[in-house]
Amino acid sequence: MKPVNIAIFVSGSGTNCENLIRYFQHSDTVGCALVVSNKPDAYALVRAERLNVPTAIVTKEQLNNPDVMLPLLHKHGISLIVLAGFLPMIPVYLINAYPRQIINLHPALLPKFGGKGMWGHHVHEAIKAAGETETGMTVHYVTPICDTGEIIAQYRVALSPEDTAEDIAEKEHQLEMEYFPQVVEEVLNQKFGSKKQHDLSENL
């Protein structure tokens with residue numbers, strides 16, 4: 001059986017991107033077949049190239065052009081798109097072409113601290129300002145409305161009043177490193193595999 005191919009969309013340094021590639025690099029059933037970035041200087045592209053994963057840089061205009069993106073994804077046999085720190089909104093045509101096959105990682109416990117402008121350090125600073133006692137990561141399906149898609153899984157970590165925004169970011173990032181590849185694998189198993197399915201809602 002041919003492996004199920006995923007594309008990872010990134011805008012930044014790509015720690016989650018590299019983590020996913022390494023997690024699946026010896027898999028017979030899953031392949032990280034493409035890394036796409038909207039930023040030509042994204043370090044994620046360097047990480048991918050070092051691990052022999054094809055890369056593509058797309059402008060905003062190209063991202064919004066189905067005649068560019070769909071052939072690119074089809075060329076690499078992509079079945080699932082994973083957003084791992086990808087900042088642009090995903091165009092509706094792509095969501096329609098990959099129904100419930102685009103998932104996003106958000107660095108907070110949605111529905112809190114989601115929506116336009118809520119990415120990266122902005123999220124962690126908002127969590128600090130709100131005096132939250134916990135934070136976490138959310139993996140959800142992508143819809144045309146930012147950060148509102150069905151939640152697939154969430155993982156939580158406690159915060160202390162002494163935690164800075166940087167501390168909050170590090171605690172949340174540790175969750176990403178541990179759990180994000182596992183959640184992606186579960187989604188793939190449920191959609192394309194025959195392995196025993198697990199109820200991800202138990203983590204909500």
# chains A, B, ... in the order shown; residues from 1 in each chain; ligands from 1
$ select_by_dssp --residues "segment 64-168 of chain A" --states "strand (DSSP E)" --output "ChimeraX atom specification"
/A:78-83,102-106,134-141,151-158
$ write_last_selection --atoms "N, CA and C atoms" --output "PDB file, in the first residue's frame"
ATOM      1  N   ILE A  78      -0.642  14.667  -2.203  1.00  0.00           N
ATOM      2  CA  ILE A  78      -0.986  15.077  -0.846  1.00  0.00           C
ATOM      3  C   ILE A  78      -2.424  14.696  -0.488  1.00  0.00           C
ATOM      4  N   SER A  79      -2.570  14.050   0.668  1.00  0.00           N
ATOM      5  CA  SER A  79      -3.890  13.678   1.178  1.00  0.00           C
ATOM      6  C   SER A  79      -4.296  14.483   2.400  1.00  0.00           C
ATOM      7  N   LEU A  80      -3.331  15.018   3.133  1.00  0.00           N
ATOM      8  CA  LEU A  80      -3.620  15.799   4.336  1.00  0.00           C
ATOM      9  C   LEU A  80      -2.665  16.980   4.393  1.00  0.00           C
ATOM     10  N   ILE A  81      -3.209  18.158   4.725  1.00  0.00           N
ATOM     11  CA  ILE A  81      -2.406  19.365   4.890  1.00  0.00           C
ATOM     12  C   ILE A  81      -2.362  19.701   6.374  1.00  0.00           C
ATOM     13  N   VAL A  82      -1.148  19.893   6.882  1.00  0.00           N
ATOM     14  CA  VAL A  82      -0.942  20.209   8.289  1.00  0.00           C
ATOM     15  C   VAL A  82      -0.362  21.614   8.391  1.00  0.00           C
ATOM     16  N   LEU A  83      -1.090  22.506   9.052  1.00  0.00           N
ATOM     17  CA  LEU A  83      -0.608  23.864   9.272  1.00  0.00           C
ATOM     18  C   LEU A  83       0.155  23.893  10.590  1.00  0.00           C
ATOM     19  N   ILE A 102      -7.554  19.366   6.239  1.00  0.00           N
ATOM     20  CA  ILE A 102      -6.596  20.413   6.592  1.00  0.00           C
ATOM     21  C   ILE A 102      -6.735  20.656   8.085  1.00  0.00           C
ATOM     22  N   ILE A 103      -5.642  20.487   8.817  1.00  0.00           N
ATOM     23  CA  ILE A 103      -5.696  20.682  10.264  1.00  0.00           C
ATOM     24  C   ILE A 103      -4.676  21.733  10.681  1.00  0.00           C
ATOM     25  N   ASN A 104      -4.972  22.409  11.762  1.00  0.00           N
ATOM     26  CA  ASN A 104      -4.139  23.511  12.235  1.00  0.00           C
ATOM     27  C   ASN A 104      -3.774  23.300  13.698  1.00  0.00           C
ATOM     28  N   LEU A 105      -2.560  23.723  14.034  1.00  0.00           N
ATOM     29  CA  LEU A 105      -2.104  23.750  15.420  1.00  0.00           C
ATOM     30  C   LEU A 105      -2.192  25.182  15.925  1.00  0.00           C
ATOM     31  N   HIS A 106      -2.926  25.384  17.038  1.00  0.00           N
ATOM     32  CA  HIS A 106      -3.041  26.725  17.630  1.00  0.00           C
ATOM     33  C   HIS A 106      -2.472  26.687  19.050  1.00  0.00           C
ATOM     34  N   GLU A 134      -3.965  28.309  33.233  1.00  0.00           N
ATOM     35  CA  GLU A 134      -3.523  27.210  32.389  1.00  0.00           C
ATOM     36  C   GLU A 134      -3.467  27.679  30.942  1.00  0.00           C
ATOM     37  N   THR A 135      -2.720  26.962  30.154  1.00  0.00           N
ATOM     38  CA  THR A 135      -2.699  27.172  28.718  1.00  0.00           C
ATOM     39  C   THR A 135      -2.602  25.816  28.061  1.00  0.00           C
ATOM     40  N   GLY A 136      -2.418  25.795  26.763  1.00  0.00           N
ATOM     41  CA  GLY A 136      -2.314  24.518  26.083  1.00  0.00           C
ATOM     42  C   GLY A 136      -2.312  24.675  24.586  1.00  0.00           C
ATOM     43  N   MET A 137      -2.367  23.544  23.917  1.00  0.00           N
ATOM     44  CA  MET A 137      -2.393  23.509  22.458  1.00  0.00           C
ATOM     45  C   MET A 137      -3.712  22.935  21.983  1.00  0.00           C
ATOM     46  N   THR A 138      -4.140  23.404  20.830  1.00  0.00           N
ATOM     47  CA  THR A 138      -5.357  22.907  20.195  1.00  0.00           C
ATOM     48  C   THR A 138      -5.041  22.499  18.771  1.00  0.00           C
ATOM     49  N   VAL A 139      -5.522  21.339  18.374  1.00  0.00           N
ATOM     50  CA  VAL A 139      -5.484  20.934  16.977  1.00  0.00           C
ATOM     51  C   VAL A 139      -6.927  20.890  16.488  1.00  0.00           C
ATOM     52  N   HIS A 140      -7.178  21.563  15.366  1.00  0.00           N
ATOM     53  CA  HIS A 140      -8.559  21.645  14.886  1.00  0.00           C
ATOM     54  C   HIS A 140      -8.595  21.609  13.358  1.00  0.00           C
ATOM     55  N   TYR A 141      -9.766  21.267  12.825  1.00  0.00           N
ATOM     56  CA  TYR A 141      -9.961  21.323  11.382  1.00  0.00           C
ATOM     57  C   TYR A 141     -10.056  22.769  10.940  1.00  0.00           C
ATOM     58  N   ILE A 151     -12.743  21.052  16.969  1.00  0.00           N
ATOM     59  CA  ILE A 151     -11.538  20.706  17.722  1.00  0.00           C
ATOM     60  C   ILE A 151     -11.316  19.191  17.671  1.00  0.00           C
ATOM     61  N   ILE A 152     -10.090  18.814  17.339  1.00  0.00           N
ATOM     62  CA  ILE A 152      -9.708  17.410  17.281  1.00  0.00           C
ATOM     63  C   ILE A 152      -9.119  16.965  18.611  1.00  0.00           C
ATOM     64  N   ALA A 153      -8.232  17.770  19.165  1.00  0.00           N
ATOM     65  CA  ALA A 153      -7.583  17.421  20.437  1.00  0.00           C
ATOM     66  C   ALA A 153      -7.040  18.677  21.104  1.00  0.00           C
ATOM     67  N   GLN A 154      -6.993  18.631  22.439  1.00  0.00           N
ATOM     68  CA  GLN A 154      -6.375  19.690  23.227  1.00  0.00           C
ATOM     69  C   GLN A 154      -5.545  19.067  24.344  1.00  0.00           C
ATOM     70  N   TYR A 155      -4.444  19.715  24.646  1.00  0.00           N
ATOM     71  CA  TYR A 155      -3.608  19.320  25.774  1.00  0.00           C
ATOM     72  C   TYR A 155      -3.308  20.555  26.604  1.00  0.00           C
ATOM     73  N   ARG A 156      -3.267  20.379  27.926  1.00  0.00           N
ATOM     74  CA  ARG A 156      -3.199  21.513  28.851  1.00  0.00           C
ATOM     75  C   ARG A 156      -1.966  21.445  29.729  1.00  0.00           C
ATOM     76  N   VAL A 157      -1.567  22.622  30.217  1.00  0.00           N
ATOM     77  CA  VAL A 157      -0.478  22.712  31.179  1.00  0.00           C
ATOM     78  C   VAL A 157      -0.791  23.855  32.135  1.00  0.00           C
ATOM     79  N   ALA A 158      -0.475  23.657  33.414  1.00  0.00           N
ATOM     80  CA  ALA A 158      -0.752  24.670  34.428  1.00  0.00           C
ATOM     81  C   ALA A 158       0.248  25.820  34.325  1.00  0.00           C
TER      82      ALA A 158
END
$ residues_around --residues "segment 38-48 of chain A" --least-positions-apart "6" --cutoff "9 Å" --atoms "only C-alpha atoms" --output "list in words"
Phe9, Val10, Ser11, Gly12, Ser13, Gly14, Thr15, Asn16, Cys17, Glu18, Ile21, Pro54, Thr55, Ala56, Ile57, Val58, Thr59, Lys60, Leu63, Phe86, Leu87 and Pro88 of chain A
$ residues_around --residues "segment 112-121 of chain A" --least-positions-apart "3" --cutoff "10 Å" --atoms "only C-alpha atoms" --output "list in words"
Gly12, Gly85, Phe86, Leu87, Met89, His106, Pro107, Ala108, Leu109, His124, Glu125, Ala126, Ile127, Ala130, Thr135, Ile145, Cys146, Asp147, Thr148, Ala165, Glu166, Ile168 and Ala169 of chain A
$ select_by_dssp --residues "segment 13-88 of chain A" --states "alpha helix (DSSP H)" --output "PyMOL selection string"
chain A and resi 15-24+43-50+60-63+66-75
$ write_last_selection --atoms "C-alpha atoms" --output "mmCIF file, in the first residue's frame"
data_model
loop_
_atom_site.group_PDB
_atom_site.id
_atom_site.type_symbol
_atom_site.label_atom_id
_atom_site.label_comp_id
_atom_site.auth_asym_id
_atom_site.auth_seq_id
_atom_site.Cartn_x
_atom_site.Cartn_y
_atom_site.Cartn_z
ATOM 1 C CA THR A 15 10.465 23.207 15.006
ATOM 2 C CA ASN A 16 7.096 21.472 14.658
ATOM 3 C CA CYS A 17 7.774 20.870 10.984
ATOM 4 C CA GLU A 18 11.062 19.114 11.731
ATOM 5 C CA ASN A 19 9.456 17.201 14.591
ATOM 6 C CA LEU A 20 6.763 15.869 12.258
ATOM 7 C CA ILE A 21 9.248 14.923 9.551
ATOM 8 C CA ARG A 22 11.416 13.030 12.019
ATOM 9 C CA TYR A 23 8.392 11.351 13.616
ATOM 10 C CA PHE A 24 7.248 9.896 10.276
ATOM 11 C CA TYR A 43 14.144 28.406 8.556
ATOM 12 C CA ALA A 44 11.646 25.578 8.242
ATOM 13 C CA LEU A 45 12.716 25.295 4.596
ATOM 14 C CA VAL A 46 16.314 24.672 5.675
ATOM 15 C CA ARG A 47 15.167 22.027 8.149
ATOM 16 C CA ALA A 48 13.102 20.276 5.461
ATOM 17 C CA GLU A 49 15.883 20.336 2.880
ATOM 18 C CA ARG A 50 18.335 18.857 5.384
ATOM 19 C CA LYS A 60 0.003 35.292 -1.407
ATOM 20 C CA GLU A 61 -1.152 35.435 -5.006
ATOM 21 C CA GLN A 62 -0.007 31.876 -5.669
ATOM 22 C CA LEU A 63 -1.638 30.598 -2.480
ATOM 23 C CA PRO A 66 -6.037 27.107 -7.515
ATOM 24 C CA ASP A 67 -4.180 26.704 -10.807
ATOM 25 C CA VAL A 68 -0.928 26.942 -8.865
ATOM 26 C CA MET A 69 -1.673 25.178 -5.588
ATOM 27 C CA LEU A 70 -3.802 22.235 -6.657
ATOM 28 C CA PRO A 71 -1.314 20.943 -9.268
ATOM 29 C CA LEU A 72 1.508 21.372 -6.731
ATOM 30 C CA LEU A 73 -0.321 19.317 -4.110
ATOM 31 C CA HIS A 74 -1.474 16.720 -6.634
ATOM 32 C CA LYS A 75 2.087 16.354 -7.951
#
$ closest_residue --among "A:Pro99, A:Pro3, A:Gly131, A:Pro181" --to "Asp28 of chain A" --atoms "only C-alpha atoms"
A:Pro3
$ atom_distance --atom1 "atom CA of Thr143 of chain A" --atom2 "atom CA of Ile95 of chain A"
6.8 Å
$ atom_distance --atom1 "atom CA of Lys128 of chain A" --atom2 "atom CA of Gly149 of chain A"
24.6 Å
$ residues_around --residues "Val30 of chain A" --least-positions-apart "3" --cutoff "6 Å" --atoms "only C-alpha atoms" --output "PyMOL selection string"
chain A and resi 3-5+27
